[in-house]
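Everything below belongs to protein_7.csv, which stores CSV, C-alpha atoms.
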chain,number,residue,atom,x,y,z
A,1,MET,CA,-63.7,142.4,-3.2
A,2,LYS,CA,-65.3,145.7,-2.3
A,3,ARG,CA,-66.4,144.2,1.1
A,4,LYS,CA,-62.8,143.0,1.8
A,5,LEU,CA,-61.4,146.4,0.9
A,6,GLY,CA,-63.9,148.1,3.2
A,7,ILE,CA,-63.0,145.8,6.1
A,8,LEU,CA,-59.3,146.4,5.5
A,9,ILE,CA,-59.8,150.2,5.5
A,10,THR,CA,-61.9,150.0,8.7
A,11,VAL,CA,-59.3,147.9,10.4
A,12,THR,CA,-56.5,150.3,9.3
A,13,LEU,CA,-58.5,153.3,10.5
A,14,VAL,CA,-59.2,151.6,13.9
A,15,THR,CA,-55.5,150.7,14.2
A,16,ILE,CA,-54.4,154.2,13.5
A,17,PHE,CA,-57.0,155.6,15.9
A,18,CYS,CA,-55.9,153.2,18.7
A,19,THR,CA,-52.3,153.9,18.0
A,20,GLY,CA,-53.0,157.6,18.3
A,21,LEU,CA,-54.7,157.1,21.6
A,22,ALA,CA,-51.8,155.0,22.9
A,23,VAL,CA,-49.3,157.7,21.9
A,24,ALA,CA,-51.4,160.4,23.5
A,25,ALA,CA,-51.8,158.3,26.7
A,26,ALA,CA,-48.0,157.7,26.7
A,27,ALA,CA,-47.4,161.5,26.3
A,28,ASP,CA,-49.7,162.1,29.3
A,29,GLN,CA,-47.7,159.8,31.5
A,30,PRO,CA,-45.4,161.7,33.9
A,31,ILE,CA,-41.6,161.3,33.5
A,32,LYS,CA,-40.2,160.0,36.7
A,33,TRP,CA,-36.6,160.7,37.8
A,34,LYS,CA,-34.6,159.7,40.8
A,35,MET,CA,-32.3,162.2,42.5
A,36,VAL,CA,-29.6,161.0,44.9
A,37,SER,CA,-27.9,163.5,47.2
A,38,THR,CA,-24.5,163.9,48.9
A,39,TRP,CA,-26.4,165.2,52.0
A,40,THR,CA,-28.0,163.4,54.9
A,41,PRO,CA,-31.2,164.7,56.5
A,42,ALA,CA,-29.1,166.1,59.4
A,43,ILE,CA,-27.3,168.5,57.1
A,44,ASN,CA,-29.7,171.2,56.0
A,45,LEU,CA,-27.8,171.7,52.7
A,46,ILE,CA,-30.2,168.9,51.6
A,47,GLU,CA,-33.0,171.5,51.6
A,48,GLY,CA,-31.5,173.0,48.3
A,49,ASP,CA,-31.9,169.6,46.6
A,50,LYS,CA,-35.4,169.0,47.9
A,51,ASN,CA,-36.6,172.4,47.0
A,52,PHE,CA,-35.2,172.1,43.4
A,53,ALA,CA,-37.1,168.7,43.0
A,54,LYS,CA,-40.3,170.3,44.3
A,55,LEU,CA,-40.0,173.3,42.0
A,56,VAL,CA,-39.6,171.1,38.9
A,57,GLY,CA,-42.7,169.1,39.8
A,58,GLU,CA,-44.7,172.3,40.4
A,59,LEU,CA,-43.6,174.1,37.3
A,60,SER,CA,-44.1,171.1,35.1
A,61,ASN,CA,-47.6,170.4,36.6
A,62,GLY,CA,-46.4,167.0,37.5
A,63,ARG,CA,-45.1,166.0,34.1
A,64,LEU,CA,-41.6,165.6,35.4
A,65,GLN,CA,-41.5,164.1,38.9
A,66,ILE,CA,-38.2,163.9,40.7
A,67,THR,CA,-38.0,161.7,43.8
A,68,HIS,CA,-35.3,162.8,46.1
A,69,TYR,CA,-33.1,160.3,48.1
A,70,SER,CA,-30.7,161.5,50.9
A,71,ALA,CA,-27.2,160.1,51.1
A,72,GLY,CA,-27.2,156.4,52.0
A,73,GLU,CA,-30.8,155.7,50.9
A,74,LEU,CA,-29.9,154.5,47.5
A,75,VAL,CA,-26.1,155.1,47.3
A,76,PRO,CA,-23.5,156.5,49.6
A,77,ALA,CA,-22.6,160.2,49.2
A,78,ALA,CA,-19.2,159.3,47.7
A,79,ALA,CA,-20.9,157.3,44.9
A,80,VAL,CA,-23.3,160.0,43.7
A,81,PHE,CA,-21.1,161.2,40.9
A,82,ASP,CA,-20.5,157.8,39.4
A,83,THR,CA,-24.1,156.8,39.8
A,84,VAL,CA,-25.3,159.7,37.8
A,85,ALA,CA,-22.5,159.6,35.2
A,86,LYS,CA,-23.4,155.9,34.5
A,87,GLY,CA,-27.1,156.6,34.3
A,88,SER,CA,-28.1,154.4,37.1
A,89,VAL,CA,-30.2,157.4,38.3
A,90,GLU,CA,-31.1,160.5,36.3
A,91,CYS,CA,-29.6,163.2,38.6
A,92,GLY,CA,-27.8,164.0,41.8
A,93,GLY,CA,-27.4,166.9,44.2
A,94,ASP,CA,-23.8,167.8,45.1
A,95,TRP,CA,-21.0,170.2,46.1
A,96,PRO,CA,-18.6,169.9,43.2
A,97,SER,CA,-15.4,170.0,45.2
A,98,TYR,CA,-16.2,166.5,46.4
A,99,TRP,CA,-15.1,165.3,43.0
A,100,ALA,CA,-11.6,166.8,43.0
A,101,GLY,CA,-10.1,163.4,43.2
A,102,LYS,CA,-11.4,162.8,39.6
A,103,ASN,CA,-10.2,166.2,38.3
A,104,SER,CA,-8.7,168.9,40.4
A,105,ALA,CA,-10.7,171.5,38.5
A,106,PHE,CA,-13.8,170.4,40.4
A,107,ASP,CA,-12.2,171.9,43.5
A,108,LEU,CA,-12.6,175.4,42.0
A,109,PHE,CA,-16.4,175.0,41.4
A,110,GLY,CA,-17.3,174.2,45.0
A,111,SER,CA,-15.3,177.0,46.5
A,112,TYR,CA,-11.7,178.4,46.5
A,113,PRO,CA,-9.8,179.9,49.4
A,114,MET,CA,-9.9,183.8,49.2
A,115,GLY,CA,-11.8,183.5,46.0
A,116,LEU,CA,-15.3,184.3,44.8
A,117,GLY,CA,-18.0,185.3,47.3
A,118,GLN,CA,-21.7,184.4,47.1
A,119,LEU,CA,-22.9,187.0,44.6
A,120,ASP,CA,-19.6,186.7,42.7
A,121,VAL,CA,-20.4,183.0,42.0
A,122,ILE,CA,-23.9,183.8,40.8
A,123,ASN,CA,-22.7,186.7,38.6
A,124,TRP,CA,-19.9,184.7,37.1
A,125,TYR,CA,-22.0,181.6,36.5
A,126,TYR,CA,-24.9,183.4,34.7
A,127,HIS,CA,-23.1,186.2,32.9
A,128,TYR,CA,-19.4,185.7,32.6
A,129,GLY,CA,-18.8,182.1,31.4
A,130,GLY,CA,-19.3,180.1,34.5
A,131,LYS,CA,-22.2,178.0,33.3
A,132,LYS,CA,-20.2,177.0,30.2
A,133,ALA,CA,-17.2,176.2,32.4
A,134,PHE,CA,-19.3,173.9,34.6
A,135,ASN,CA,-20.8,172.1,31.6
A,136,ASP,CA,-17.5,171.8,29.7
A,137,LEU,CA,-16.0,169.9,32.7
A,138,PHE,CA,-19.1,167.9,33.8
A,139,GLY,CA,-19.7,167.1,30.1
A,140,LYS,CA,-16.4,165.1,30.0
A,141,TYR,CA,-18.1,162.8,32.5
A,142,ASN,CA,-21.4,162.3,30.7
A,143,MET,CA,-23.4,164.9,32.6
A,144,VAL,CA,-24.9,168.4,32.3
A,145,TYR,CA,-25.0,170.7,35.4
A,146,PHE,CA,-27.2,173.3,36.9
A,147,LEU,CA,-26.3,175.5,39.8
A,148,HIS,CA,-29.2,175.5,42.3
A,149,ALA,CA,-27.9,177.3,45.4
A,150,VAL,CA,-24.9,179.3,46.6
A,151,VAL,CA,-24.3,179.2,50.3
A,152,PRO,CA,-22.7,182.4,51.8
A,153,MET,CA,-19.2,182.5,53.5
A,154,GLU,CA,-18.6,179.7,55.9
A,155,SER,CA,-18.1,180.2,59.6
A,156,GLY,CA,-14.4,179.6,59.7
A,157,ILE,CA,-13.1,177.0,62.2
A,158,ARG,CA,-15.2,175.9,65.1
A,159,ALA,CA,-12.8,174.6,67.7
A,160,ARG,CA,-12.5,172.9,71.1
A,161,VAL,CA,-9.4,175.0,71.9
A,162,PRO,CA,-8.8,178.7,71.3
A,163,ILE,CA,-7.4,179.6,67.9
A,164,LYS,CA,-6.9,183.4,67.8
A,165,THR,CA,-4.1,183.9,65.2
A,166,LEU,CA,-2.4,182.2,62.3
A,167,ALA,CA,0.3,181.1,64.8
A,168,ASP,CA,-2.3,179.2,66.7
A,169,TYR,CA,-3.0,176.9,63.7
A,170,LYS,CA,0.4,175.2,64.2
A,171,GLY,CA,0.1,171.7,65.4
A,172,LYS,CA,-3.7,171.6,65.3
A,173,LYS,CA,-5.7,168.8,63.7
A,174,LEU,CA,-8.4,170.4,61.6
A,175,ARG,CA,-11.2,169.0,59.5
A,176,MET,CA,-11.2,171.0,56.3
A,177,SER,CA,-12.2,170.0,52.8
A,178,GLY,CA,-10.3,170.9,49.6
A,179,LYS,CA,-6.8,170.4,48.2
A,180,ALA,CA,-6.0,174.1,48.1
A,181,GLN,CA,-7.2,174.4,51.7
A,182,GLY,CA,-4.9,171.4,52.6
A,183,HIS,CA,-2.0,173.2,51.0
A,184,ILE,CA,-2.6,176.3,53.1
A,185,LEU,CA,-3.0,174.3,56.3
A,186,GLN,CA,0.3,172.6,55.6
A,187,LYS,CA,2.0,176.0,55.2
A,188,LEU,CA,0.5,177.0,58.5
A,189,GLY,CA,1.8,173.9,60.2
A,190,ALA,CA,-1.6,172.3,60.8
A,191,ALA,CA,-2.8,168.8,59.8
A,192,GLN,CA,-5.7,168.5,57.5
A,193,VAL,CA,-8.2,165.8,58.6
A,194,MET,CA,-10.6,164.5,55.9
A,195,ILE,CA,-13.9,163.2,57.3
A,196,SER,CA,-17.4,163.5,56.1
A,197,GLY,CA,-19.8,166.2,57.4
A,198,GLY,CA,-21.8,163.6,59.3
A,199,GLU,CA,-18.7,162.5,61.3
A,200,ILE,CA,-17.6,166.0,62.5
A,201,TYR,CA,-19.8,166.2,65.6
A,202,GLN,CA,-18.4,162.9,67.0
A,203,ALA,CA,-14.8,163.7,66.1
A,204,LEU,CA,-15.1,167.0,68.0
A,205,GLN,CA,-16.9,165.4,70.9
A,206,MET,CA,-14.3,162.6,71.2
A,207,ALA,CA,-11.4,165.2,70.8
A,208,THR,CA,-9.9,163.3,67.8
A,209,ILE,CA,-9.7,166.7,66.1
A,210,ASP,CA,-9.1,170.2,67.5
A,211,GLY,CA,-11.5,172.0,65.2
A,212,ALA,CA,-13.5,171.8,62.0
A,213,GLU,CA,-15.1,173.8,59.3
A,214,PHE,CA,-18.3,172.8,57.6
A,215,ALA,CA,-20.6,175.5,56.4
A,216,SER,CA,-22.2,178.8,57.3
A,217,PRO,CA,-23.5,179.5,60.8
A,218,SER,CA,-27.1,178.5,60.1
A,219,ILE,CA,-25.9,175.1,58.9
A,220,ASP,CA,-23.3,174.6,61.7
A,221,TRP,CA,-25.9,175.4,64.4
A,222,LYS,CA,-28.3,172.8,63.0
A,223,MET,CA,-25.5,170.2,63.1
A,224,GLY,CA,-25.0,170.8,66.8
A,225,PHE,CA,-21.6,172.3,66.7
A,226,GLY,CA,-22.5,174.7,69.5
A,227,GLU,CA,-22.6,171.8,71.8
A,228,VAL,CA,-19.1,170.5,71.1
A,229,THR,CA,-17.1,173.7,70.4
A,230,LYS,CA,-16.4,176.8,72.4
A,231,TYR,CA,-14.4,178.9,69.9
A,232,ASN,CA,-14.8,180.2,66.4
A,233,ILE,CA,-12.0,181.7,64.3
A,234,GLY,CA,-13.0,183.6,61.2
A,235,PRO,CA,-13.5,184.8,58.6
A,236,GLY,CA,-14.2,181.8,56.4
A,237,TRP,CA,-11.2,182.3,54.1
A,238,HIS,CA,-11.2,178.6,53.2
A,239,GLN,CA,-14.7,178.9,51.6
A,240,PRO,CA,-15.9,182.5,50.8
A,241,SER,CA,-19.0,180.8,49.3
A,242,SER,CA,-20.1,177.3,48.5
A,243,ALA,CA,-21.8,176.4,45.2
A,244,ASN,CA,-24.2,173.5,45.1
A,245,GLY,CA,-26.1,172.1,42.2
A,246,VAL,CA,-27.6,169.2,40.3
A,247,MET,CA,-25.8,166.8,38.0
A,248,ILE,CA,-28.0,165.3,35.3
A,249,ASN,CA,-27.1,162.3,33.2
A,250,LYS,CA,-26.6,163.4,29.6
A,251,ALA,CA,-28.8,160.6,28.1
A,252,ALA,CA,-31.6,161.3,30.5
A,253,TRP,CA,-31.3,165.1,29.7
A,254,GLU,CA,-31.4,164.5,26.0
A,255,LYS,CA,-34.6,162.4,26.3
A,256,LEU,CA,-36.5,165.3,27.8
A,257,PRO,CA,-38.8,167.3,25.6
A,258,ALA,CA,-37.7,170.9,25.0
A,259,ASP,CA,-40.3,172.5,27.3
A,260,LEU,CA,-39.3,170.3,30.2
A,261,LYS,CA,-35.6,171.1,29.7
A,262,LEU,CA,-36.6,174.8,29.9
A,263,ILE,CA,-38.6,174.1,33.1
A,264,VAL,CA,-35.6,172.4,34.7
A,265,GLU,CA,-33.4,175.4,33.8
A,266,LYS,CA,-35.9,177.9,35.2
A,267,ALA,CA,-36.4,175.9,38.3
A,268,SER,CA,-32.7,175.9,39.0
A,269,ILE,CA,-32.6,179.7,38.6
A,270,ALA,CA,-35.5,180.1,40.9
A,271,ASN,CA,-33.8,177.8,43.4
A,272,VAL,CA,-30.6,179.8,43.4
A,273,ALA,CA,-32.5,183.0,44.3
A,274,TYR,CA,-34.6,181.4,47.0
A,275,MET,CA,-32.2,179.0,48.7
A,276,SER,CA,-29.1,181.3,48.5
A,277,SER,CA,-31.0,184.0,50.4
A,278,TRP,CA,-32.6,181.3,52.7
A,279,TYR,CA,-29.2,180.2,53.9
A,280,GLU,CA,-28.0,183.8,54.3
A,281,VAL,CA,-31.0,185.0,56.4
A,282,GLY,CA,-30.8,181.9,58.5
A,283,ASN,CA,-27.4,183.2,59.8
A,284,ILE,CA,-29.2,185.9,61.9
A,285,GLU,CA,-30.8,183.4,64.3
A,286,ALA,CA,-27.8,181.0,64.2
A,287,LEU,CA,-25.3,183.6,65.2
A,288,GLU,CA,-27.5,184.7,68.1
A,289,ASN,CA,-27.8,181.0,69.1
A,290,PHE,CA,-24.0,180.6,69.1
A,291,ARG,CA,-23.6,183.8,71.2
A,292,LYS,CA,-26.1,182.5,73.8
A,293,ALA,CA,-24.2,179.2,73.9
A,294,GLY,CA,-21.1,181.1,74.9
A,295,THR,CA,-19.1,180.8,71.7
A,296,GLN,CA,-16.1,183.1,71.7
A,297,ILE,CA,-15.4,184.6,68.3
A,298,PHE,CA,-12.0,185.7,67.0
A,299,LYS,CA,-11.1,187.1,63.6
A,300,LEU,CA,-7.8,187.1,61.6
A,301,SER,CA,-6.2,190.4,60.8
A,302,ASN,CA,-5.8,191.7,57.2
A,303,ALA,CA,-2.1,191.1,57.5
A,304,GLU,CA,-2.8,187.4,58.3
A,305,LEU,CA,-5.4,187.1,55.5
A,306,LYS,CA,-2.8,188.5,53.1
A,307,LYS,CA,-0.5,185.7,54.0
A,308,ILE,CA,-3.2,183.1,53.4
A,309,GLU,CA,-4.0,184.8,50.1
A,310,GLU,CA,-0.3,184.3,49.1
A,311,TYR,CA,-0.5,180.6,49.8
A,312,SER,CA,-3.8,180.3,48.0
A,313,TRP,CA,-2.4,182.0,44.8
A,314,ASP,CA,0.7,179.8,45.0
A,315,TYR,CA,-1.4,176.7,44.8
A,316,LEU,CA,-3.6,178.2,42.1
A,317,VAL,CA,-0.7,178.8,39.8
A,318,GLU,CA,1.0,175.4,40.6
A,319,GLU,CA,-2.1,173.4,39.9
A,320,SER,CA,-2.9,175.4,36.8
A,321,ALA,CA,0.5,174.4,35.4
A,322,LYS,CA,-0.3,170.7,36.0
A,323,ASN,CA,-3.9,170.5,34.8
A,324,PRO,CA,-5.3,172.4,31.7
A,325,ASP,CA,-8.8,172.0,33.0
A,326,PHE,CA,-7.9,173.6,36.3
A,327,HIS,CA,-6.2,176.5,34.5
A,328,LYS,CA,-9.2,177.0,32.2
A,329,VAL,CA,-11.7,177.3,35.1
A,330,ALA,CA,-9.3,179.4,37.2
A,331,LEU,CA,-8.7,181.8,34.4
A,332,SER,CA,-12.4,182.2,33.8
A,333,MET,CA,-13.2,182.8,37.5
A,334,PHE,CA,-10.3,185.1,38.3
A,335,GLN,CA,-10.7,187.1,35.1
A,336,PHE,CA,-14.2,187.9,36.2
A,337,LEU,CA,-13.1,188.8,39.7
A,338,LYS,CA,-10.4,191.1,38.4
A,339,ASP,CA,-12.7,192.7,35.8
A,340,PHE,CA,-15.4,193.3,38.4
A,341,ALA,CA,-12.9,194.9,40.8
A,342,VAL,CA,-13.6,198.4,39.4
A,343,ALA,CA,-17.3,198.0,39.8
A,344,ARG,CA,-16.9,196.7,43.3
A,345,GLU,CA,-14.8,199.7,44.3
A,346,ALA,CA,-17.3,202.0,42.8
A,347,GLN,CA,-20.1,200.4,44.9
A,348,GLU,CA,-18.3,200.7,48.3
A,349,PRO,CA,-19.3,200.9,51.0
A,350,PHE,CA,-22.5,199.2,49.7
A,351,SER,CA,-20.9,196.3,47.7
A,352,GLN,CA,-20.9,192.7,48.8
A,353,GLY,CA,-17.8,190.6,48.5
A,354,ARG,CA,-14.1,191.7,48.4
A,355,ASN,CA,-11.4,192.7,46.1
A,356,PRO,CA,-8.2,190.6,46.7
A,357,PHE,CA,-5.2,192.2,48.3
A,358,SER,CA,-3.2,191.1,45.2
A,359,TRP,CA,-3.8,189.1,42.0
A,360,PRO,CA,-2.5,185.5,41.3
A,361,LYS,CA,0.2,185.3,38.7
A,362,LEU,CA,-2.1,183.1,36.6
A,363,PRO,CA,-0.9,182.7,32.9
A,364,GLY,CA,-3.4,184.6,30.7
A,365,LEU,CA,-4.9,186.8,33.4
A,366,LYS,CA,-5.2,190.2,31.9
Would you put the structure from the file into structure tokens?
Amino acid sequence: MKRKLGILITVTLVTIFCTGLAVAAAADQPIKWKMVSTWTPAINLIEGDKNFAKLVGELSNGRLQITHYSAGELVPAAAVFDTVAKGSVECGGDWPSYWAGKNSAFDLFGSYPMGLGQLDVINWYYHYGGKKAFNDLFGKYNMVYFLHAVVPMESGIRARVPIKTLADYKGKKLRMSGKAQGHILQKLGAAQVMISGGEIYQALQMATIDGAEFASPSIDWKMGFGEVTKYNIGPGWHQPSSANGVMINKAAWEKLPADLKLIVEKASIANVAYMSSWYEVGNIEALENFRKAGTQIFKLSNAELKKIEEYSWDYLVEESAKNPDFHKVALSMFQFLKDFAVAREAQEPFSQGRNPFSWPKLPGLK
């Protein structure tokens, strides 16, 4: 009996020991995620996604490995949102305005005409309710969200034909993203053309559109727009900045241990600092390249920008009345912008960004 008991104890101890080894071995195994992107390799916005994935791997010492896939490798750009929401992949890099068809409030996150500039977005996101606003909305679609780059003001319209004033917009076919932007173009008598970033070059080359916006000068130059346009009309009122980030499936997020969650968050913050400045500084060389290519640059007057701002505020108030989610995000963003106006005035002439000419009649704006 004693011998049998001894054997049983030995077997139990060996089992416990082996189980412990197996658990320890499993814990040492890296967690592997897939990240799909809305960007192709030809669009250097993809660099923000790639650098984020790289940072996570480095900061976690390889414990969380994110393999990045450009648009079309695993899923088309338009399918990134649903693919992450369903959990088919763990995460995806995006520009939130692409999902405005699902909820118009997403349009505010990517950018808004005459709205928040680059540092405004960063300040609002981290310190004035922006992060919560993102996660409240993405949370409705089974995701958590981390900002990972904010691109500076876009170039404005790069055109085949000269556009020097608001009057010149009339009758033009212009590629421009965003519902609010479309509303403004309609008011100006222009036709909004919706095509993907990868199709812009050919559309300009074939003269199927008169002009197009896409991103900041450093990005536009890399996409070859200096070869197919001669004119640029600025400033980039349609996108004073562009927020990019990473959507993470909620179930995948909840499975991560606490320390890896912290690493993902810190990697996103580091990426915002590095990539936002990377895109900005890249404009120095790009603007010189456009100058050498013979691009003629025109700028709208303040009086013309005031008219655009009026149209932008009209859409903001109209859409807020239709969609409570849109109103909630708009109120958060513009309350920050209004509250920060005093500080911005105090910083002039050294401040970045702008105070609006007027304020939208947004319900709840104090």
> If we count only C-alpha atoms, what is near A:Asp94 at a cut-off of 7 Å, once residues fewer than 3 positions away on the same chain are taken out, given as a PyMOL selection string?
Replying inline: chain A and resi 37-38+244-246
>> Using all atoms listed in the file, which protein or nucleic acid residues come within 10 Å of A:Ser88? Drop anything in the same chain fewer than 4 positions from it, and give the result as a PyMOL selection string.
In response: chain A and resi 34+80+82-84+249
For C-alpha atoms, I'd like the residues from the last selection saved as a tab-separated table (two decimals), in the coordinates of the input.
chain	number	residue	atom	x	y	z
A	34	LYS	CA	-34.60	159.70	40.80
A	80	VAL	CA	-23.30	160.00	43.70
A	82	ASP	CA	-20.50	157.80	39.40
A	83	THR	CA	-24.10	156.80	39.80
A	84	VAL	CA	-25.30	159.70	37.80
A	249	ASN	CA	-27.10	162.30	33.20
>> Which residues are close to stretch 308-311 of chain A, i.e. within 8 Å by all atoms listed in the file, leaving aside same-chain residues fewer than 5 positions away? Reply as an NGL selection string.
In response: :A and (113-114 or 183-184 or 187 or 356-357)
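Shell of stretch 156-169 of chain A at 8 Å, with all atoms listed in the file counted and residues fewer than 6 places along the chain excluded, is Leu185, Leu188, Gly189, Ala190, Leu204, Ala207, Asp210, Gly211, Ala212, Glu213, Phe225, Val228, Thr229, Lys230, Tyr231, Asn232, Ile233, Gly234, Pro235, Gly236, Trp237, His238, Phe298, Lys299, Leu300 and Glu304 of chain A.
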> Between atom CA of A:Pro257 and atom CA of A:Cys91, what is the distance, to one decimal in Å?
Replying inline: 16.4 Å
> Which residue gives the smallest distance to A:Ile122 among A:Ile209, A:Val272, A:Ala77, A:Met333, with only C-alpha atoms counted?
Replying inline: A:Val272
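With only the atoms specified (only C-alpha atoms) counting, those residues at most 10 Å away from (-12.9, 160.9, 62.7) are Arg175, Val193, Met194, Ile195, Ser196, Gly198, Glu199, Ile200, Tyr201, Gln202, Ala203, Leu204, Met206, Ala207, Thr208 and Ile209 of chain A.
Using only C-alpha atoms, the residues found no farther than 8 Å from A:Phe109, other than those of its own chain fewer than 6 positions away, are Pro96, Ser97, Phe134 and Ala243 of chain A.
The two atoms in question, atom CA of A:Gly101 and atom CA of A:Asp136, are spaced 17.5 Å apart.
Coordinates place atom CA of A:Ala303 at a distance of 17.6 Å from atom CA of A:Pro240.
Nearest to A:Gly115 of all the residues A:Phe350, A:Phe214, A:Phe138, A:Phe334 is A:Phe334, counting only C-alpha atoms.
Ranking A:Pro76, A:Ser242, A:Lys292, A:Gly282 by their shortest atom-to-atom distance to A:Gly117, with all atoms listed in the file included, puts A:Ser242 first.
With distances taken over all atoms listed in the file, A:Gly87 is the one residue among A:Asn271, A:Gly87, A:Ser218, A:Glu285 lying closest to A:Met143.
Using all atoms listed in the file, the nearest neighbour of A:Gln352 within the list A:Gly171, A:Pro152, A:Gly72, A:Gly224 is A:Pro152.
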> Which residue out of A:Leu331, A:Ala53, A:Met176, A:Ile297 has the minimum interatomic distance to A:Gly93 when only C-alpha atoms are used?
Replying inline: A:Ala53
Point (-8.9, 167.9, 41.6) neighbourhood (10 Å, all atoms listed in the file) written as a CSV table (one decimal) with C-alpha atoms, in the frame of the given file:
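Produced file out.csv, reproduced below:
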chain,number,residue,atom,x,y,z
A,97,SER,CA,-15.4,170.0,45.2
A,98,TYR,CA,-16.2,166.5,46.4
A,99,TRP,CA,-15.1,165.3,43.0
A,100,ALA,CA,-11.6,166.8,43.0
A,101,GLY,CA,-10.1,163.4,43.2
A,102,LYS,CA,-11.4,162.8,39.6
A,103,ASN,CA,-10.2,166.2,38.3
A,104,SER,CA,-8.7,168.9,40.4
A,105,ALA,CA,-10.7,171.5,38.5
A,106,PHE,CA,-13.8,170.4,40.4
A,107,ASP,CA,-12.2,171.9,43.5
A,108,LEU,CA,-12.6,175.4,42.0
A,178,GLY,CA,-10.3,170.9,49.6
A,179,LYS,CA,-6.8,170.4,48.2
A,180,ALA,CA,-6.0,174.1,48.1
A,319,GLU,CA,-2.1,173.4,39.9
A,323,ASN,CA,-3.9,170.5,34.8
A,325,ASP,CA,-8.8,172.0,33.0
A,326,PHE,CA,-7.9,173.6,36.3
